[in-house]
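Q: Enclosed is the structure file structure_22.txt (compact mmCIF, C-alpha atoms).
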# COMPACT_ATOMS: atom_id res chain seq x y z
CA MET A 1 -3.93 3.96 -28.23
CA ASN A 2 -3.90 0.24 -28.95
CA LYS A 3 -1.98 -2.39 -26.96
CA LYS A 4 0.94 -2.45 -29.37
CA ASP A 5 1.46 1.33 -29.22
CA LEU A 6 1.11 1.27 -25.45
CA SER A 7 3.77 -1.45 -25.16
CA LYS A 8 6.12 0.52 -27.41
CA LEU A 9 5.58 3.65 -25.33
CA LEU A 10 6.22 1.85 -22.05
CA ILE A 11 9.43 0.29 -23.42
CA GLU A 12 10.63 3.83 -24.11
CA VAL A 13 9.58 4.94 -20.62
CA LYS A 14 11.56 2.02 -19.14
CA ALA A 15 14.54 3.15 -21.18
CA GLY A 16 14.26 6.53 -19.43
CA SER A 17 12.51 8.65 -22.04
CA ASP A 18 10.80 11.66 -20.39
CA LEU A 19 8.93 12.45 -23.59
CA ALA A 20 7.43 8.95 -23.70
CA PHE A 21 6.27 9.27 -20.09
CA GLU A 22 4.66 12.61 -20.90
CA GLN A 23 2.75 11.00 -23.76
CA PHE A 24 1.69 8.19 -21.43
CA PHE A 25 0.53 10.74 -18.88
CA ASP A 26 -1.40 12.76 -21.49
CA HIS A 27 -3.18 9.63 -22.68
CA TYR A 28 -4.32 8.46 -19.23
CA ARG A 29 -4.58 11.75 -17.34
CA ASP A 30 -8.31 12.44 -17.84
CA ARG A 31 -9.43 8.86 -17.29
CA ILE A 32 -7.45 8.45 -14.06
CA TYR A 33 -8.51 11.93 -12.90
CA ARG A 34 -12.19 11.11 -13.39
CA TYR A 35 -11.71 7.75 -11.71
CA ILE A 36 -10.07 9.30 -8.63
CA SER A 37 -12.71 12.05 -8.49
CA ARG A 38 -15.33 9.36 -7.75
CA PHE A 39 -13.61 8.66 -4.41
CA ILE A 40 -12.45 12.17 -3.50
CA PHE A 41 -14.51 15.22 -4.29
CA ASN A 42 -12.10 18.06 -3.52
CA THR A 43 -10.38 18.92 -6.84
CA ALA A 44 -7.08 19.94 -5.24
CA ASP A 45 -6.92 16.58 -3.45
CA VAL A 46 -7.81 14.72 -6.64
CA GLU A 47 -4.87 16.41 -8.39
CA ASP A 48 -2.50 15.50 -5.58
CA VAL A 49 -3.58 11.86 -5.73
CA LEU A 50 -3.30 11.88 -9.52
CA ILE A 51 0.29 13.13 -9.35
CA ASP A 52 1.14 10.59 -6.63
CA THR A 53 -0.28 7.84 -8.83
CA PHE A 54 1.86 8.68 -11.83
CA VAL A 55 4.99 9.24 -9.74
CA LYS A 56 4.53 5.78 -8.14
CA PHE A 57 3.97 4.26 -11.55
CA HIS A 58 7.17 5.88 -12.80
CA GLU A 59 9.14 4.66 -9.79
CA LYS A 60 7.93 1.07 -10.28
CA ILE A 61 8.25 1.06 -14.07
CA GLU A 62 11.15 -1.40 -14.06
CA LYS A 63 9.07 -4.01 -12.25
CA ILE A 64 6.05 -3.68 -14.53
CA ASP A 65 5.40 -6.48 -17.01
CA ILE A 66 4.50 -4.54 -20.15
CA GLU A 67 2.86 -7.53 -21.81
CA ASN A 68 0.63 -8.19 -18.80
CA ASN A 69 -1.95 -5.38 -18.80
CA PRO A 70 -0.10 -2.29 -17.48
CA GLU A 71 -3.37 -0.32 -17.61
CA SER A 72 -4.78 -2.51 -14.86
CA TYR A 73 -1.66 -1.77 -12.82
CA LEU A 74 -2.12 1.98 -13.26
CA PHE A 75 -5.75 1.83 -12.15
CA SER A 76 -4.77 -0.32 -9.22
CA ILE A 77 -2.16 2.23 -8.08
CA ALA A 78 -4.72 5.03 -8.50
CA HIS A 79 -7.28 3.16 -6.40
CA ASN A 80 -4.84 2.31 -3.61
CA THR A 81 -3.44 5.85 -3.52
CA ALA A 82 -6.96 7.29 -3.30
CA VAL A 83 -7.93 4.87 -0.51
CA ASP A 84 -4.75 5.71 1.44
CA PHE A 85 -5.47 9.39 1.06
CA ILE A 86 -9.03 9.01 2.33
CA ARG A 87 -7.86 6.91 5.27
CA ARG A 88 -5.07 9.36 6.20
CA ASN A 89 -7.37 12.35 6.02
CA ARG A 90 -10.38 10.50 7.48
CA LEU A 91 -12.70 11.71 4.74
CA VAL A 92 -16.25 10.64 5.36
CA TYR A 93 -19.33 11.47 3.36
CA SER A 94 -22.92 10.98 4.41
CA LEU A 95 -25.55 9.61 2.05
CA ASN A 96 -28.20 11.25 4.19
CA GLU A 97 -26.65 14.69 4.12
CA ASP A 98 -29.14 17.26 2.90
CA ILE A 99 -28.03 19.08 -0.19
CA ARG A 100 -28.82 22.79 -0.05
CA THR A 101 -31.30 23.80 -2.72
CA ASP A 102 -29.41 27.02 -3.32
CA SER A 103 -26.10 25.13 -3.70
CA PRO A 104 -23.81 27.00 -6.13
CA ASP A 105 -22.48 23.79 -7.65
CA PRO A 106 -25.09 21.02 -8.07
CA GLU A 107 -22.59 18.92 -10.03
CA LYS A 108 -20.20 18.98 -7.09
CA ASP A 109 -23.06 18.03 -4.76
CA LEU A 110 -23.93 15.15 -7.03
CA ARG A 111 -20.34 13.92 -6.93
CA GLN A 112 -20.37 14.21 -3.16
CA LYS A 113 -23.55 12.14 -3.05
CA ALA A 114 -21.85 9.54 -5.22
CA GLY A 115 -18.89 9.54 -2.81
CA ALA A 116 -21.28 9.01 0.09
CA LEU A 117 -22.87 6.09 -1.71
CA LEU A 118 -19.48 4.47 -2.29
CA GLU A 119 -18.64 4.86 1.40
CA LYS A 120 -21.62 2.68 2.23
CA LEU A 121 -20.58 -0.10 -0.13
CA PRO A 122 -18.10 -2.86 0.69
CA ARG A 123 -14.62 -1.93 -0.51
CA ARG A 124 -14.38 -4.84 -2.96
CA TYR A 125 -17.35 -3.52 -4.98
CA ARG A 126 -16.50 0.17 -5.16
CA ASP A 127 -14.15 0.00 -8.12
CA TYR A 128 -16.68 -1.91 -10.17
CA ILE A 129 -19.54 0.44 -9.35
CA VAL A 130 -17.38 3.43 -10.30
CA LEU A 131 -16.28 1.92 -13.59
CA LYS A 132 -19.71 0.62 -14.57
CA TYR A 133 -22.16 3.24 -13.27
CA PHE A 134 -20.09 6.40 -13.00
CA GLU A 135 -17.61 6.05 -15.85
CA LYS A 136 -19.86 3.94 -18.12
CA TYR A 137 -17.20 1.45 -19.14
CA THR A 138 -18.39 -1.69 -20.90
CA LEU A 139 -17.96 -5.10 -19.30
CA GLU A 140 -15.05 -5.88 -21.62
CA GLU A 141 -13.28 -2.65 -20.69
CA ILE A 142 -13.82 -3.26 -16.98
CA ALA A 143 -12.47 -6.82 -17.34
CA GLU A 144 -9.34 -5.45 -18.99
CA ILE A 145 -8.81 -2.73 -16.39
CA LYS A 146 -9.29 -5.12 -13.48
CA GLY A 147 -7.40 -7.97 -15.11
CA LYS A 148 -10.35 -10.38 -14.72
CA SER A 149 -12.60 -12.41 -17.01
CA ILE A 150 -15.90 -10.95 -18.22
CA ASP A 151 -17.83 -13.61 -16.29
CA SER A 152 -16.03 -12.63 -13.08
CA VAL A 153 -16.91 -8.99 -13.66
CA LYS A 154 -20.58 -9.88 -14.32
CA SER A 155 -20.73 -11.92 -11.15
CA ILE A 156 -19.15 -9.16 -9.04
CA LEU A 157 -21.45 -6.53 -10.53
CA LYS A 158 -24.48 -8.68 -9.77
CA ARG A 159 -23.48 -8.90 -6.10
CA ALA A 160 -22.66 -5.16 -6.02
CA ARG A 161 -26.05 -4.36 -7.53
CA LYS A 162 -27.82 -6.24 -4.72
CA LYS A 163 -26.05 -3.99 -2.20
CA LEU A 164 -26.96 -0.90 -4.22
CA VAL A 165 -30.63 -1.90 -4.36
CA LYS A 166 -30.60 -2.43 -0.61
CA LEU A 167 -29.13 1.06 -0.07
CA PHE A 168 -31.50 2.83 -2.43
CA THR A 169 -34.50 0.94 -1.07
CA LYS A 170 -33.59 1.94 2.45
CA HIS A 171 -33.06 5.53 1.34
CA PHE A 172 -36.14 5.98 -0.86
CA ILE A 173 -38.74 3.39 -0.12
CA ASN A 174 -38.53 2.30 3.53
CA MET B 1 -46.92 0.61 -7.69
CA ASP B 2 -46.26 -0.72 -4.20
CA LYS B 3 -43.00 -0.95 -2.26
CA ASN B 4 -42.16 -4.54 -3.24
CA GLU B 5 -42.80 -3.83 -6.91
CA ALA B 6 -40.65 -0.70 -6.69
CA LYS B 7 -37.83 -2.67 -5.08
CA GLU B 8 -37.95 -5.30 -7.84
CA LYS B 9 -38.00 -2.66 -10.54
CA LEU B 10 -35.10 -0.83 -8.91
CA SER B 11 -32.96 -3.95 -9.28
CA LYS B 12 -33.92 -4.31 -12.94
CA TYR B 13 -33.38 -0.59 -13.50
CA LEU B 14 -29.78 -0.80 -12.29
CA ALA B 15 -29.22 -3.93 -14.40
CA GLY B 16 -30.52 -2.04 -17.45
CA ASP B 17 -33.40 -4.49 -17.92
CA LEU B 18 -36.32 -2.04 -17.78
CA SER B 19 -37.94 -0.46 -20.80
CA GLU B 20 -37.95 3.31 -21.04
CA ALA B 21 -41.61 3.47 -19.99
CA GLU B 22 -41.04 1.24 -16.95
CA ALA B 23 -37.94 3.21 -15.99
CA SER B 24 -39.88 6.50 -16.15
CA GLU B 25 -42.67 4.98 -14.05
CA LEU B 26 -40.18 3.95 -11.40
CA ILE B 27 -38.49 7.36 -11.30
CA ILE B 28 -41.86 9.11 -10.98
CA TYR B 29 -42.80 6.79 -8.11
CA LEU B 30 -39.53 7.52 -6.29
CA GLN B 31 -39.94 11.23 -6.93
CA GLU B 32 -43.37 11.11 -5.32
CA GLN B 33 -41.80 9.71 -2.14
CA GLY B 34 -40.35 13.21 -1.78
CA LYS B 35 -37.00 12.17 -0.39
CA ASP B 36 -33.60 13.52 -1.39
CA PRO B 37 -33.79 14.84 -4.98
CA ALA B 38 -29.95 14.72 -5.27
CA ALA B 39 -29.89 10.99 -4.55
CA LEU B 40 -32.66 10.48 -7.10
CA GLU B 41 -30.65 12.44 -9.68
CA LEU B 42 -27.70 10.21 -8.88
CA LEU B 43 -29.84 7.12 -9.42
CA LYS B 44 -31.07 8.49 -12.76
CA ARG B 45 -27.51 9.09 -13.92
CA MET B 46 -26.46 5.62 -12.82
CA GLY B 47 -29.35 4.06 -14.70
CA SER B 48 -28.60 6.01 -17.86
CA SER B 49 -26.36 4.11 -20.24
CA ASP B 50 -24.56 7.00 -21.83
CA GLN B 51 -24.49 9.81 -19.29
CA PRO B 52 -21.44 9.54 -17.07
CA LEU B 53 -21.41 11.31 -13.77
CA PRO B 54 -20.06 14.85 -14.03
CA SER B 55 -16.40 15.20 -13.29
CA PRO B 56 -14.18 18.23 -12.80
CA GLU B 57 -11.35 18.93 -15.23
CA PRO B 58 -7.73 18.81 -14.12
CA SER B 59 -5.95 22.14 -13.96
CA PRO B 60 -3.63 23.12 -16.84
CA TYR B 61 -0.63 23.14 -14.44
CA ILE B 62 -0.90 19.53 -13.46
CA LYS B 63 1.74 18.42 -15.96
CA THR B 64 4.21 20.99 -14.64
CA ARG B 65 3.56 19.80 -11.09
CA LEU B 66 4.12 16.20 -12.14
CA GLN B 67 7.42 17.05 -13.87
CA ALA B 68 8.62 18.92 -10.77
CA ARG B 69 7.71 15.93 -8.54
CA LEU B 70 9.52 13.50 -10.83
CA LYS B 71 12.66 15.67 -10.81
CA ARG B 72 12.58 15.80 -6.99
CA SER B 73 12.07 12.06 -6.83
CA GLU B 74 15.05 11.42 -9.15
CA ALA B 75 17.28 13.83 -7.21
CA LYS B 76 16.37 12.12 -3.95
CA LYS B 77 17.32 8.71 -5.37
CA LYS B 78 20.71 9.94 -6.56
CA SER B 79 21.66 11.61 -3.30
CA SER B 80 20.84 8.64 -1.16
CA LEU B 81 24.07 6.88 -0.16
CA PHE B 82 22.22 3.73 0.72
CA SER B 83 20.71 3.51 -2.74
CA LEU B 84 24.16 3.90 -4.29
CA ILE B 85 25.30 0.82 -2.38
CA TYR B 86 22.05 -1.10 -2.59
CA ARG B 87 21.12 -0.56 -6.22
CA PRO B 88 23.98 -2.51 -7.84
CA VAL B 89 23.48 -5.43 -5.45
CA LYS B 90 19.73 -5.87 -5.98
CA VAL B 91 19.31 -7.98 -2.89
CA PRO B 92 16.23 -7.74 -0.68
CA SER B 93 16.90 -5.36 2.17
CA PHE B 94 16.10 -7.78 4.98
CA ILE B 95 18.81 -10.17 3.73
CA LEU B 96 21.29 -7.30 3.66
CA ILE B 97 20.43 -6.42 7.26
CA ILE B 98 20.95 -10.02 8.40
CA LEU B 99 24.32 -10.21 6.61
CA LEU B 100 25.38 -6.92 8.16
CA VAL B 101 24.54 -8.11 11.67
CA ILE B 102 26.51 -11.35 11.11
CA LEU B 103 29.48 -9.39 9.78
CA ILE B 104 29.50 -7.05 12.79
CA ALA B 105 29.28 -9.99 15.23
CA LEU B 106 32.21 -11.78 13.51
CA THR B 107 34.32 -8.61 13.52
CA ILE B 108 33.74 -8.03 17.25
CA ASN B 109 34.59 -11.66 18.01
CA THR B 110 37.78 -11.54 15.95
CA VAL B 111 38.96 -8.34 17.62
CA ARG B 112 38.23 -9.76 21.06
CA LEU B 113 40.20 -12.93 20.37
CA SER B 114 43.19 -11.11 18.95
CA THR B 115 43.56 -8.75 21.98
CA THR B 116 43.25 -11.39 24.74
CA GLU B 117 46.60 -12.99 25.94
CA PRO B 118 46.70 -16.74 26.30
CA GLN B 119 46.34 -17.82 29.90
CA PRO B 120 48.99 -20.28 31.29
CA VAL B 121 47.73 -23.68 32.21
CA GLN B 122 47.48 -23.90 35.99
CA GLU B 123 48.47 -27.05 37.80
CA ASN B 124 45.73 -28.21 39.97
CA PHE B 125 47.20 -29.28 43.24
CA TYR B 126 43.90 -30.72 44.37
CA LEU B 127 44.23 -33.43 41.77
CA ALA B 128 47.55 -34.62 43.12
CA GLU B 129 47.65 -37.69 45.26
CA GLU B 130 47.25 -36.94 48.91
CA SER B 131 50.41 -38.91 49.73
CA GLU B 132 52.46 -36.86 47.34
CA VAL B 133 51.44 -33.69 49.17
CA TYR B 134 52.13 -35.23 52.54
CA ASP B 135 55.51 -36.52 51.38
CA TYR B 136 56.44 -33.11 50.10
CA TYR B 137 55.75 -31.41 53.42
CA TYR B 138 57.19 -34.29 55.50
CA ASP B 139 60.41 -34.21 53.60
CA TYR B 140 60.62 -30.50 54.01
CA GLU B 141 60.03 -30.61 57.72
CA THR B 142 62.24 -33.57 58.50
CA SER B 143 65.09 -32.88 56.14
CA SER B 144 68.22 -34.21 57.89
CA ASP B 145 70.42 -31.49 56.55
CA ASP B 146 68.31 -28.85 58.13
CA THR B 147 68.17 -30.66 61.45
CA SER B 148 71.94 -31.01 61.69
CA PHE B 149 72.42 -27.37 60.81
CA TYR B 150 70.14 -26.20 63.62
CA GLN B 151 71.64 -28.72 66.07
CA ALA B 152 75.10 -27.47 65.23
CA PHE B 153 73.98 -23.88 65.64
CA SER B 154 72.35 -24.66 68.96
CA ASP B 155 75.47 -26.48 70.26
CA THR B 156 77.55 -23.51 69.33
CA LEU B 157 75.35 -21.20 71.36
CA THR B 158 75.34 -23.39 74.47
CA SER B 159 79.11 -23.96 74.44
CA ASN B 160 79.62 -20.19 74.36
Taking this structure as input, can you express it in the form of structure tokens?
A:
Amino acid sequence: MNKKDLSKLLIEVKAGSDLAFEQFFDHYRDRIYRYISRFIFNTADVEDVLIDTFVKFHEKIEKIDIENNPESYLFSIAHNTAVDFIRRNRLVYSLNEDIRTDSPDPEKDLRQKAGALLEKLPRRYRDYIVLKYFEKYTLEEIAEIKGKSIDSVKSILKRARKKLVKLFTKHFIN
Amino acid sequence: MDKNEAKEKLSKYLAGDLSEAEASELIIYLQEQGKDPAALELLKRMGSSDQPLPSPEPSPYIKTRLQARLKRSEAKKKSSLFSLIYRPVKVPSFILIILLVILIALTINTVRLSTTEPQPVQENFYLAEESEVYDYYYDYETSSDDTSFYQAFSDTLTSN
């Protein structure tokens, strides 16, 4: 969906069209779900946070500036809702937790490890690490989602990478 | 490869600046350290340019759940009396609260003033001249009419 179509859709959502909001939800559902699943690894919780995100977006639709990157706003709501959820439920993952070799779901364990890694990083870098290394967005896409310039994103990723190297060095090499 | 070289290559690996051969060499070195295969797998996925981390799929009922939540949210808005008053006004709530407090204070003050009777103005005798007070009592005590009345009354008693 290009920017023009997205703007048209959101105008209809603002006018109160349920069908338009459903189309909006269908378009962003998987991306936001994957994004939230980087912070929370229980699938039921991820779904709850996903629903909360879209309900909040719907409630605030009148205040949203459609011309000014609404996608960034949606990701921002998703991030804040996920962080609130983690804080309320005191979810903590450990990078050093041993993964059982006979684990029935290695993919789930991998996601949990990723969650543990994010816990160790400063909050301001987490979003960028998720978008760049877990979701494989390009720099341009990340800049659009975060509402920043490409140079800003590069600079933030460089600083985030230093922290990552420190963590992995400590974990593997030292 | 030593530790410092591995650390430098790790940084380049995450930046995507290593060749395939160098990247493989680094991964083999880290594997030989024998620590945490899951974390190593995570690192490999992060370094790969086209392999996103695995992610679960949302359930097929998620849309139904969302629709139900939206309906509840709309119903809650409509039933709220406060929102019926507040929504047309579109004023920040803290300003409304301040106005309400002022209105209540004015109403109480108005009611209090309307129910209280006006008090008469009291003369303050202490402000009067001392001589005026003295004259008042002197005149009362030495009134000639009174003296003659008592004298007459007394004469009557003694003559009888």
Q: Between atom CA of Ile129 of chain A and atom CA of Leu110 of chain A, what is the spacing in Å?
A: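 Straight-line distance from atom CA of Leu110 of chain A to atom CA of Ile129 of chain A works out to 15.5 Å.
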Q: Could you write out as a PyMOL selection string the residues of chain B within 8 Å of chain A, counting only C-alpha atoms?
A: chain B and resi 3+6-7+10-11+14-15+30+33+35-36+38-39+41-42+45-47+49-58+62+65-66+69-70
Q: Do you know which residues are at most 10 Å from segment 139-142 of chain A counting all atoms listed in the file, after dropping those on the same chain fewer than 2 positions away, and could you put them as a PyMOL selection string?
A: chain A and resi 72+127-128+131-132+136-137+144-154+157
Q: Tell me, in Å to one decimal, how far atom CA of Thr81 of chain A is from atom CA of Pro122 of chain A.
A: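 We find that atom CA of Thr81 of chain A and atom CA of Pro122 of chain A lie 17.6 Å from each other.
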Q: Kindly reconstruct segment 51-75 of chain A with N, CA and C atoms and present the result as a CSV table (one decimal), in the frame of the given file.
A:
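Output file selection.csv is given in full below:
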chain,number,residue,atom,x,y,z
A,51,ILE,N,-1.2,13.0,-9.2
A,51,ILE,CA,0.3,13.1,-9.4
A,51,ILE,C,1.0,12.0,-8.6
A,52,ASP,N,0.5,11.7,-7.4
A,52,ASP,CA,1.1,10.6,-6.6
A,52,ASP,C,1.1,9.3,-7.4
A,53,THR,N,-0.1,9.1,-8.1
A,53,THR,CA,-0.3,7.8,-8.8
A,53,THR,C,0.8,7.7,-9.9
A,54,PHE,N,0.9,8.8,-10.7
A,54,PHE,CA,1.9,8.7,-11.8
A,54,PHE,C,3.3,8.6,-11.4
A,55,VAL,N,3.6,9.3,-10.3
A,55,VAL,CA,5.0,9.2,-9.7
A,55,VAL,C,5.3,7.8,-9.3
A,56,LYS,N,4.3,7.2,-8.6
A,56,LYS,CA,4.5,5.8,-8.1
A,56,LYS,C,4.7,4.9,-9.3
A,57,PHE,N,3.9,5.1,-10.4
A,57,PHE,CA,4.0,4.3,-11.6
A,57,PHE,C,5.4,4.4,-12.2
A,58,HIS,N,5.8,5.6,-12.2
A,58,HIS,CA,7.2,5.9,-12.8
A,58,HIS,C,8.3,5.2,-12.0
A,59,GLU,N,8.1,5.3,-10.7
A,59,GLU,CA,9.1,4.7,-9.8
A,59,GLU,C,9.2,3.1,-9.9
A,60,LYS,N,8.0,2.5,-10.2
A,60,LYS,CA,7.9,1.1,-10.3
A,60,LYS,C,8.0,0.5,-11.7
A,61,ILE,N,8.3,1.4,-12.6
A,61,ILE,CA,8.2,1.1,-14.1
A,61,ILE,C,9.1,-0.2,-14.4
A,62,GLU,N,10.3,-0.3,-13.7
A,62,GLU,CA,11.2,-1.4,-14.1
A,62,GLU,C,10.5,-2.8,-13.7
A,63,LYS,N,9.7,-2.7,-12.7
A,63,LYS,CA,9.1,-4.0,-12.2
A,63,LYS,C,7.8,-4.4,-13.0
A,64,ILE,N,7.3,-3.4,-13.8
A,64,ILE,CA,6.0,-3.7,-14.5
A,64,ILE,C,6.3,-4.6,-15.7
A,65,ASP,N,5.4,-5.6,-15.9
A,65,ASP,CA,5.4,-6.5,-17.0
A,65,ASP,C,4.5,-5.8,-18.1
A,66,ILE,N,5.2,-5.3,-19.1
A,66,ILE,CA,4.5,-4.5,-20.2
A,66,ILE,C,3.5,-5.4,-20.9
A,67,GLU,N,3.8,-6.7,-21.0
A,67,GLU,CA,2.9,-7.5,-21.8
A,67,GLU,C,1.6,-7.9,-21.0
A,68,ASN,N,1.7,-7.7,-19.7
A,68,ASN,CA,0.6,-8.2,-18.8
A,68,ASN,C,-0.3,-7.1,-18.3
A,69,ASN,N,-0.9,-6.4,-19.2
A,69,ASN,CA,-2.0,-5.4,-18.8
A,69,ASN,C,-1.5,-4.3,-17.9
A,70,PRO,N,-0.6,-3.4,-18.3
A,70,PRO,CA,-0.1,-2.3,-17.5
A,70,PRO,C,-1.2,-1.3,-17.1
A,71,GLU,N,-2.3,-1.2,-17.9
A,71,GLU,CA,-3.4,-0.3,-17.6
A,71,GLU,C,-4.0,-0.7,-16.3
A,72,SER,N,-4.2,-2.0,-16.1
A,72,SER,CA,-4.8,-2.5,-14.9
A,72,SER,C,-3.9,-2.1,-13.7
A,73,TYR,N,-2.6,-2.1,-13.9
A,73,TYR,CA,-1.7,-1.8,-12.8
A,73,TYR,C,-1.8,-0.3,-12.5
A,74,LEU,N,-2.0,0.5,-13.5
A,74,LEU,CA,-2.1,2.0,-13.3
A,74,LEU,C,-3.4,2.3,-12.5
A,75,PHE,N,-4.5,1.6,-12.9
A,75,PHE,CA,-5.8,1.8,-12.2
A,75,PHE,C,-5.6,1.3,-10.7
